[in-house]
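With TSV, C-alpha atoms inside, this is model_29.tsv:
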chain	number	residue	atom	x	y	z
A	38	MET	CA	82.20	131.67	125.27
A	39	ASN	CA	78.51	131.68	124.43
A	40	SER	CA	76.61	128.53	123.45
A	41	SER	CA	77.12	129.12	119.73
A	42	GLU	CA	80.90	129.44	120.08
A	43	TRP	CA	81.04	126.34	122.30
A	44	PHE	CA	79.10	124.34	119.73
A	45	GLU	CA	81.41	125.42	116.89
A	46	TYR	CA	84.48	124.69	119.02
A	47	LEU	CA	83.24	121.19	119.87
A	48	LEU	CA	82.29	120.58	116.24
A	49	ILE	CA	85.79	121.52	115.00
A	50	LEU	CA	87.38	119.41	117.76
A	51	GLY	CA	85.22	116.44	116.80
A	52	VAL	CA	86.22	116.75	113.14
A	53	CYS	CA	89.92	116.92	114.04
A	54	VAL	CA	89.70	113.86	116.30
A	55	THR	CA	87.81	111.94	113.62
A	56	MET	CA	90.38	112.78	110.94
A	57	ALA	CA	93.26	111.85	113.22
A	58	GLY	CA	91.61	108.55	114.06
A	59	PHE	CA	90.97	107.82	110.41
A	60	ALA	CA	94.59	108.57	109.50
A	61	TYR	CA	95.84	106.24	112.23
A	62	TYR	CA	93.34	103.56	111.21
A	63	MET	CA	94.46	103.75	107.59
A	64	LEU	CA	98.20	104.00	108.08
A	65	LYS	CA	99.02	101.55	110.84
A	66	PRO	CA	100.51	98.41	109.20
A	67	GLU	CA	98.18	95.91	110.87
A	68	SER	CA	94.98	97.86	110.11
A	69	ARG	CA	94.33	96.40	106.69
A	70	ASP	CA	94.65	93.00	105.11
A	71	TRP	CA	94.86	94.24	101.54
A	72	ASP	CA	93.84	92.11	98.59
A	73	TYR	CA	96.77	92.35	96.16
A	74	SER	CA	95.50	89.76	93.69
A	75	ASN	CA	95.44	92.43	90.97
A	76	ASP	CA	99.24	92.43	91.02
A	77	VAL	CA	99.23	89.44	88.66
A	78	HIS	CA	98.40	91.90	85.87
A	79	PHE	CA	101.70	93.73	86.29
A	80	ALA	CA	105.26	92.90	85.35
A	81	GLN	CA	106.53	94.82	88.40
A	82	LYS	CA	105.04	95.44	91.82
A	83	PRO	CA	102.91	98.61	91.75
A	84	LEU	CA	103.65	101.71	93.77
A	85	HIS	CA	101.02	101.82	96.55
A	86	VAL	CA	99.36	105.17	97.41
A	87	TYR	CA	96.28	106.46	99.27
A	88	ASN	CA	95.56	109.56	97.16
A	89	ALA	CA	96.85	111.69	94.32
A	90	ALA	CA	98.63	114.14	96.64
A	91	GLU	CA	100.79	111.30	97.99
A	92	LEU	CA	101.49	110.07	94.46
A	93	CYS	CA	102.55	113.55	93.38
A	94	ARG	CA	104.97	113.85	96.30
A	95	ILE	CA	106.55	110.52	95.43
A	96	LEU	CA	106.90	111.41	91.74
A	97	HIS	CA	108.52	114.74	92.59
A	98	HIS	CA	110.99	112.92	94.84
A	99	LEU	CA	111.80	110.33	92.16
A	100	GLU	CA	112.34	113.10	89.62
A	101	SER	CA	114.65	115.04	91.95
A	102	GLN	CA	116.69	111.88	92.59
A	103	LYS	CA	116.75	111.04	88.86
A	104	GLN	CA	115.06	107.74	89.61
A	105	PRO	CA	112.84	105.90	87.09
A	106	MET	CA	109.12	106.51	87.23
A	107	PRO	CA	106.80	103.66	88.32
A	108	THR	CA	105.29	101.46	85.64
A	109	ALA	CA	102.25	100.61	87.80
A	110	VAL	CA	100.33	102.41	90.55
A	111	GLY	CA	97.94	100.80	93.05
A	112	HIS	CA	95.48	102.95	95.01
A	113	ARG	CA	94.60	101.56	98.45
A	114	SER	CA	90.94	102.20	99.27
A	115	THR	CA	88.90	101.36	102.36
A	116	CYS	CA	86.05	100.26	100.04
A	117	TRP	CA	83.52	101.11	102.72
A	118	ARG	CA	80.11	102.69	102.25
A	119	HIS	CA	80.74	106.04	103.91
A	120	ASP	CA	82.42	109.04	102.29
A	121	GLU	CA	82.39	107.24	98.94
A	122	GLY	CA	82.12	110.40	96.85
A	123	ASN	CA	85.35	111.86	98.24
A	124	GLU	CA	87.11	108.50	97.90
A	125	LEU	CA	86.09	108.23	94.23
A	126	VAL	CA	87.63	111.66	93.67
A	127	HIS	CA	90.90	110.49	95.21
A	128	ILE	CA	90.92	107.30	93.14
A	129	PHE	CA	90.31	108.93	89.75
A	130	MET	CA	92.72	111.78	90.48
A	131	SER	CA	95.36	109.15	91.24
A	132	ALA	CA	94.49	107.48	87.94
A	133	ALA	CA	94.89	110.79	86.10
A	134	VAL	CA	98.32	111.38	87.66
A	135	ALA	CA	99.40	107.79	86.92
A	136	ALA	CA	98.42	108.29	83.29
A	137	GLY	CA	100.87	111.20	83.17
A	138	VAL	CA	103.77	108.78	83.66
A	139	HIS	CA	102.11	106.08	81.47
A	140	ALA	CA	101.76	103.80	84.48
A	141	ASP	CA	99.17	101.03	84.71
A	142	PHE	CA	96.64	101.63	87.49
A	143	THR	CA	94.51	99.51	89.81
A	144	VAL	CA	92.59	99.81	93.08
A	145	TYR	CA	93.10	97.63	96.15
A	146	CYS	CA	90.31	96.86	98.60
A	147	PRO	CA	90.74	94.98	101.89
A	148	HIS	CA	89.95	91.27	101.99
A	149	ASN	CA	87.16	92.10	104.45
A	150	ARG	CA	85.70	94.79	102.19
A	151	ASP	CA	82.17	96.07	102.70
A	152	GLU	CA	80.33	94.28	99.92
A	153	THR	CA	77.43	96.74	100.16
A	154	SER	CA	79.63	99.69	99.22
A	155	VAL	CA	79.63	101.29	95.79
A	156	LEU	CA	83.41	101.03	95.74
A	157	SER	CA	83.30	97.25	96.06
A	158	HIS	CA	80.97	97.05	93.07
A	159	ILE	CA	83.01	99.42	90.92
A	160	PHE	CA	86.52	98.20	91.72
A	161	ASN	CA	86.29	94.45	91.63
A	162	LYS	CA	89.30	92.14	91.44
A	163	ASP	CA	89.54	92.52	87.67
A	164	PHE	CA	89.68	96.33	87.62
A	165	ILE	CA	92.74	97.70	85.86
A	166	ILE	CA	93.61	100.63	83.62
A	167	ASN	CA	96.28	99.37	81.27
A	168	GLN	CA	98.08	102.40	79.89
A	169	SER	CA	100.07	100.53	77.27
A	170	GLY	CA	96.98	98.95	75.77
A	171	ARG	CA	94.36	101.53	76.70
A	172	ALA	CA	91.97	103.16	74.29
A	173	ALA	CA	93.11	106.64	73.36
A	174	HIS	CA	89.95	108.24	74.77
A	175	GLN	CA	90.09	106.77	78.25
A	176	ILE	CA	92.40	109.11	80.14
A	177	THR	CA	94.06	112.20	78.76
A	178	SER	CA	97.76	111.52	79.16
A	179	THR	CA	98.75	114.98	80.37
A	180	PRO	CA	102.25	115.21	81.87
A	181	TRP	CA	102.00	114.39	85.55
A	182	GLN	CA	103.62	117.67	86.59
A	183	GLU	CA	100.73	119.61	85.07
A	184	THR	CA	98.11	117.45	86.76
A	185	CYS	CA	99.88	117.69	90.12
A	186	SER	CA	100.45	121.44	89.95
A	187	ALA	CA	96.76	122.02	89.19
A	188	CYS	CA	95.72	120.67	92.57
A	189	THR	CA	97.36	120.73	95.98
A	190	MET	CA	94.27	120.55	98.21
A	191	PHE	CA	93.25	117.51	100.25
A	192	TYR	CA	89.72	117.76	98.81
A	193	GLU	CA	90.78	117.31	95.23
A	194	HIS	CA	87.29	117.81	93.80
A	195	ALA	CA	87.52	121.50	94.74
A	196	CYS	CA	90.55	122.02	92.49
A	197	ALA	CA	90.14	124.06	89.34
A	198	SER	CA	91.64	121.35	87.18
A	199	GLY	CA	92.70	117.71	87.19
A	200	LEU	CA	89.74	115.38	87.41
A	201	GLU	CA	88.49	116.24	83.92
A	202	ARG	CA	91.45	114.30	82.52
A	203	ALA	CA	89.84	111.08	83.73
A	204	GLU	CA	86.37	111.99	82.43
A	205	GLN	CA	85.92	109.14	79.97
A	206	GLN	CA	87.42	106.59	82.35
A	207	ILE	CA	84.96	107.68	85.03
A	208	ILE	CA	82.04	107.32	82.63
A	209	ASP	CA	83.15	103.91	81.35
A	210	THR	CA	83.98	102.52	84.79
A	211	VAL	CA	80.81	103.67	86.58
A	212	ARG	CA	78.54	102.60	83.71
A	213	LEU	CA	80.11	99.15	83.62
A	214	ALA	CA	79.65	98.74	87.39
A	215	ALA	CA	76.01	99.85	87.21
A	216	MET	CA	75.25	97.47	84.34
A	217	ARG	CA	76.99	94.61	86.14
A	218	TRP	CA	75.01	95.36	89.32
A	219	ARG	CA	71.70	95.56	87.45
A	220	THR	CA	72.38	92.18	85.85
A	221	PHE	CA	73.26	90.28	89.03
A	222	ASN	CA	71.90	92.26	91.99
A	223	ASN	CA	69.09	94.46	90.70
A	224	THR	CA	66.51	95.26	93.40
A	225	ILE	CA	64.81	98.15	91.57
A	226	GLN	CA	61.46	97.39	89.96
A	227	MET	CA	61.14	100.64	88.01
A	228	TYR	CA	63.65	103.35	87.14
A	229	ASP	CA	62.44	106.96	87.18
A	230	GLU	CA	62.86	109.05	84.04
A	231	THR	CA	64.13	112.05	86.00
A	232	VAL	CA	66.26	111.58	89.11
A	233	LEU	CA	67.62	114.31	91.37
A	234	HIS	CA	69.76	114.04	94.48
A	235	PHE	CA	68.66	116.25	97.38
A	236	ARG	CA	71.34	116.32	100.06
A	237	CYS	CA	69.96	117.62	103.31
A	238	GLY	CA	71.09	116.35	106.74
A	239	ASP	CA	74.67	117.42	107.27
A	240	VAL	CA	74.27	120.47	105.00
A	241	LEU	CA	72.10	122.09	107.70
A	242	PHE	CA	75.17	122.27	109.94
A	243	MET	CA	77.79	123.27	107.39
A	244	GLN	CA	79.37	126.67	106.87
A	245	TYR	CA	80.81	125.90	103.44
A	246	ARG	CA	79.85	127.95	100.40
A	247	TRP	CA	80.10	125.03	97.96
A	248	TYR	CA	77.31	122.93	99.56
A	249	GLY	CA	73.68	124.01	99.67
A	250	TRP	CA	70.31	123.87	97.88
A	251	VAL	CA	68.70	124.81	94.62
A	252	TYR	CA	65.53	126.87	94.93
A	253	PHE	CA	62.52	124.68	94.23
A	254	ARG	CA	61.38	126.83	91.32
A	255	GLU	CA	64.65	126.19	89.47
A	256	TYR	CA	63.82	122.49	89.10
A	257	LEU	CA	60.96	123.50	86.80
A	258	LYS	CA	63.55	124.82	84.32
A	259	ILE	CA	65.43	121.51	84.32
A	260	ILE	CA	62.81	118.76	84.47
A	261	PRO	CA	61.04	118.23	81.11
A	262	PRO	CA	57.30	119.00	81.21
A	263	ASP	CA	56.39	115.60	79.75
A	264	THR	CA	58.39	113.51	82.25
A	265	LYS	CA	56.43	110.51	83.49
A	266	SER	CA	58.27	109.85	86.76
A	267	ILE	CA	60.52	111.83	89.11
A	268	GLY	CA	62.70	110.24	91.77
A	269	ILE	CA	64.13	112.22	94.70
A	270	LEU	CA	67.23	110.58	96.20
A	271	THR	CA	67.87	111.59	99.77
A	272	GLN	CA	68.84	110.33	103.20
A	273	THR	CA	66.79	107.96	105.34
A	274	PHE	CA	64.48	109.70	107.82
A	275	ASN	CA	64.84	106.90	110.35
A	276	VAL	CA	67.19	108.34	112.96
A	277	SER	CA	68.49	104.87	113.89
A	278	ASN	CA	69.76	104.23	110.36
A	279	GLY	CA	72.03	106.12	108.01
A	280	ARG	CA	74.91	108.43	108.78
A	281	LYS	CA	75.22	109.92	112.25
A	282	GLU	CA	75.74	113.40	110.81
A	283	ASP	CA	72.37	113.16	109.05
A	284	ALA	CA	70.33	111.61	111.86
A	285	ILE	CA	69.92	114.70	114.03
A	286	ALA	CA	68.37	116.62	111.13
A	287	ALA	CA	66.13	113.79	109.93
A	288	PRO	CA	62.82	115.30	111.22
A	289	ILE	CA	63.52	118.60	109.50
A	290	CYS	CA	64.79	117.00	106.29
A	291	GLU	CA	61.68	114.84	106.11
A	292	GLN	CA	59.57	117.99	106.00
A	293	ILE	CA	61.79	119.77	103.48
A	294	VAL	CA	61.92	116.78	101.13
A	295	GLY	CA	58.19	116.27	101.58
A	296	ALA	CA	57.68	119.88	100.57
A	297	LEU	CA	59.80	119.32	97.45
A	298	GLN	CA	57.75	116.23	96.59
A	299	THR	CA	54.51	118.21	96.99
A	300	TYR	CA	55.91	121.09	94.97
A	301	LEU	CA	56.99	118.90	92.05
A	302	GLN	CA	53.76	116.90	92.10
A	303	SER	CA	51.73	120.09	91.84
A	304	HIS	CA	53.71	121.18	88.77
A	305	TYR	CA	53.92	117.73	87.17
A	306	PRO	CA	50.45	116.30	87.89
A	307	ARG	CA	50.82	113.56	85.28
A	308	ALA	CA	54.11	112.32	86.72
A	309	THR	CA	54.71	110.01	89.66
A	310	VAL	CA	56.97	111.75	92.19
A	311	THR	CA	58.70	109.34	94.58
A	312	VAL	CA	61.09	109.90	97.49
A	313	HIS	CA	63.82	107.24	97.68
A	314	GLY	CA	65.16	107.51	101.21
A	315	GLN	CA	65.81	103.85	101.91
A	316	ASP	CA	68.04	103.04	98.93
A	317	THR	CA	71.43	101.45	99.29
A	318	ASN	CA	74.20	103.57	97.84
A	319	MET	CA	74.45	101.29	94.82
A	320	GLU	CA	70.71	101.58	94.19
A	321	SER	CA	71.03	105.37	94.21
A	322	PHE	CA	73.98	105.13	91.82
A	323	ALA	CA	71.98	102.92	89.46
A	324	ARG	CA	68.94	105.23	89.47
A	325	LEU	CA	71.11	108.13	88.31
A	326	VAL	CA	73.07	106.12	85.74
A	327	PHE	CA	69.92	104.75	84.06
A	328	ALA	CA	67.86	107.95	84.24
A	329	LYS	CA	66.90	109.92	81.15
A	330	HIS	CA	67.62	113.09	83.12
A	331	ALA	CA	70.02	113.00	86.11
A	332	ILE	CA	70.43	116.09	88.30
A	333	CYS	CA	73.35	116.72	90.67
A	334	THR	CA	73.15	119.82	92.86
A	335	SER	CA	76.15	119.84	95.22
A	336	SER	CA	77.50	116.44	96.18
A	337	THR	CA	80.56	114.36	95.38
A	338	PHE	CA	78.44	111.23	95.90
A	339	SER	CA	75.99	111.96	93.08
A	340	PHE	CA	78.61	113.62	90.88
A	341	PHE	CA	79.98	110.34	89.49
A	342	PRO	CA	76.74	108.52	88.56
A	343	THR	CA	75.34	111.76	87.12
A	344	LEU	CA	78.40	112.16	84.91
A	345	ALA	CA	78.07	108.51	83.87
A	346	THR	CA	74.33	108.64	83.15
A	347	PHE	CA	73.09	107.21	79.85
A	348	GLY	CA	70.73	110.18	79.63
A	349	HIS	CA	71.25	113.91	80.08
A	350	ALA	CA	73.47	115.02	82.98
A	351	TYR	CA	72.65	118.30	84.73
A	352	PHE	CA	75.13	119.86	87.15
A	353	VAL	CA	74.35	122.95	89.17
A	354	TYR	CA	77.57	124.92	89.14
A	355	THR	CA	79.13	125.40	92.57
A	356	GLU	CA	82.67	125.72	93.85
A	357	LEU	CA	82.50	122.07	94.90
A	358	TYR	CA	83.67	121.04	91.44
A	359	PRO	CA	84.90	124.07	89.45
A	360	PHE	CA	86.51	121.80	86.83
A	361	ILE	CA	83.02	120.83	85.64
A	362	THR	CA	83.12	123.46	82.90
A	363	LYS	CA	86.08	121.62	81.33
A	364	LEU	CA	84.23	118.33	80.83
A	365	GLN	CA	83.45	117.40	77.23
A	366	SER	CA	80.49	114.98	77.36
A	367	PRO	CA	77.90	116.10	74.76
A	368	GLU	CA	75.00	115.22	77.10
A	369	LEU	CA	76.38	117.27	79.99
A	370	HIS	CA	74.70	120.55	80.98
A	371	VAL	CA	76.29	122.97	83.45
A	372	LEU	CA	73.62	125.17	85.03
A	373	HIS	CA	74.44	128.61	86.38
A	374	ILE	CA	71.26	129.08	88.40
A	375	PRO	CA	70.43	130.60	91.82
A	376	PHE	CA	71.86	128.50	94.60
A	377	LEU	CA	71.60	129.02	98.36
A	378	SER	CA	74.89	127.94	99.93
A	379	ALA	CA	75.04	126.36	103.36
A	380	ARG	CA	77.01	129.37	104.58
A	381	ASP	CA	74.35	131.83	103.42
A	382	ALA	CA	71.59	129.60	104.78
A	383	ARG	CA	73.26	129.65	108.19
A	384	ALA	CA	73.49	133.44	108.07
A	385	LYS	CA	69.80	133.73	107.20
A	386	GLY	CA	68.71	131.37	109.95
A	387	LEU	CA	67.13	128.00	109.33
A	388	LEU	CA	63.50	129.12	109.14
A	389	ASN	CA	64.19	131.97	106.75
A	390	ALA	CA	66.42	129.80	104.58
A	391	VAL	CA	63.81	127.06	104.27
A	392	ASP	CA	61.12	129.66	103.52
A	393	PHE	CA	63.40	131.03	100.82
A	394	ILE	CA	64.13	127.81	98.94
A	395	THR	CA	60.69	126.22	99.28
A	396	GLU	CA	58.45	129.24	98.61
A	397	LEU	CA	55.95	128.10	101.23
A	398	ARG	CA	52.85	129.07	99.30
A	399	TYR	CA	53.69	126.05	97.13
A	400	GLY	CA	55.40	123.77	99.61
A	401	GLY	CA	52.69	123.91	102.28
A	402	LEU	CA	54.99	123.97	105.33
A	403	GLN	CA	53.63	125.50	108.52
A	404	ARG	CA	56.08	127.41	110.68
A	405	ASP	CA	54.02	126.94	113.84
A	406	LYS	CA	54.48	123.16	113.49
A	407	TRP	CA	58.20	123.34	112.75
A	408	PRO	CA	60.09	121.08	115.21
A	409	LEU	CA	62.89	123.31	116.44
A	410	GLN	CA	63.38	122.14	120.00
A	411	LEU	CA	67.07	121.25	119.84
A	412	PRO	CA	69.68	123.98	120.43
A	413	HIS	CA	71.61	122.67	117.41
A	414	TYR	CA	68.82	123.89	115.18
A	415	ARG	CA	68.56	127.31	116.79
A	416	LEU	CA	72.25	127.87	116.15
A	417	LEU	CA	71.58	127.74	112.41
Entire entry expressed as structure tokens:
Amino acid sequence: MNSSEWFEYLLILGVCVTMAGFAYYMLKPESRDWDYSNDVHFAQKPLHVYNAAELCRILHHLESQKQPMPTAVGHRSTCWRHDEGNELVHIFMSAAVAAGVHADFTVYCPHNRDETSVLSHIFNKDFIINQSGRAAHQITSTPWQETCSACTMFYEHACASGLERAEQQIIDTVRLAAMRWRTFNNTIQMYDETVLHFRCGDVLFMQYRWYGWVYFREYLKIIPPDTKSIGILTQTFNVSNGRKEDAIAAPICEQIVGALQTYLQSHYPRATVTVHGQDTNMESFARLVFAKHAICTSSTFSFFPTLATFGHAYFVYTELYPFITKLQSPELHVLHIPFLSARDARAKGLLNAVDFITELRYGGLQRDKWPLQLPHYRLL
């Protein structure tokens, strides 16, 4: 095998080992000391699940055995600060399925939860969706069979249907958490009017078609000309901090994000354009929720606070969340605009792809100073 094939083989092997380790870590009985204090809200002990797929399997089994459906469902979450976007998808899909059997719903975190995680702020010890006393608009009570049949994939956000049935519950829950955080823990001095999330690091190494970048020029069609401040949410550029999968690309991402900052500043000279690369996850969530204009390109992390924003929500349509066209929020805008997927960027090669999205005559990047010394970069 050549070096490119070896790299891809090792990457796939690493992902498989990581997933196996995570499954073992989650499922072994002694791995978690769960906080079940929410059970006091329920007349009967809830059915405990880890995701909607597991809940669907259990409901199908109960139906086949002519057994009664559960009256309460509890979703066990790690409540840690990594992979929070995907975990939020699993939680709200479980809530949508539970609504189909009119079951109450709650989320369990471990006693030793990561208090810095978004999940810990959103799903506190009082979180509960009470189906018998719920407001009619919270979760669409579609029969569970329909919700389950609409999605059989592990990554439930990529399903064509399902999550939209929990739309209002997502909005209400995330807004409440952001307001609670701003009241008691706020560390942000000023909120930007327009906030966009620019995911970079791990996308450089992906081959998926549903992750990628918006061309810089397309932001000019979204951001209002009179905006006074623009915030760019992105990863930290300090290789010793942040996620390991982002660290190796930090030098390149710093240049790309810097180019975006320069590009936007040149087109919005009266606005302050700021890069927020040192935010906690909850700070990033809050910036999107309280923005007048929140922009999500392709990320499950920024999907939820963008949907819950008090301002206008802009979603660039990708296959990452095809159900987005079924959402009903009046302030939601689905944008069918040019989008360079990670797969196409890899095919183009890194330099050509970056040239393409930045339009260098505006971004000011210099190819002769591009730091491409690592073989990982050349493989792109």
* Considering all atoms listed in the file, return as a count of residues only whatever protein or nucleic-acid residues lie within 6 Å of stretch 183-186 of chain A, sequence-local ones (same chain, fewer than 3 positions apart) excluded. => 3
* To do: To one decimal in Å, tell me the separation between atom CA of A:Leu364 and atom CA of A:Phe341.
  => 12.5 Å
* Give me, please, the distance in Å between atom CA of A:Phe360 and atom CA of A:Val294, quoted to one decimal. => 28.9 Å
* Selected residue of minimal separation from A:Pro261 among A:Phe235, A:Tyr305, A:Tyr300, A:Tyr145, counting all atoms listed in the file ->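 Ranking A:Phe235, A:Tyr305, A:Tyr300, A:Tyr145 by distance to A:Pro261, first place goes to A:Tyr305.
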* **Polymer residues at most 7 Å from stretch 248-259 of chain A, all atoms listed in the file, same-chain spacing of 2 or more positions, as JSON, numbers by chain** => {"A": [240, 245, 246, 261, 297, 334, 335, 375, 376, 377, 378, 379, 394, 395]}
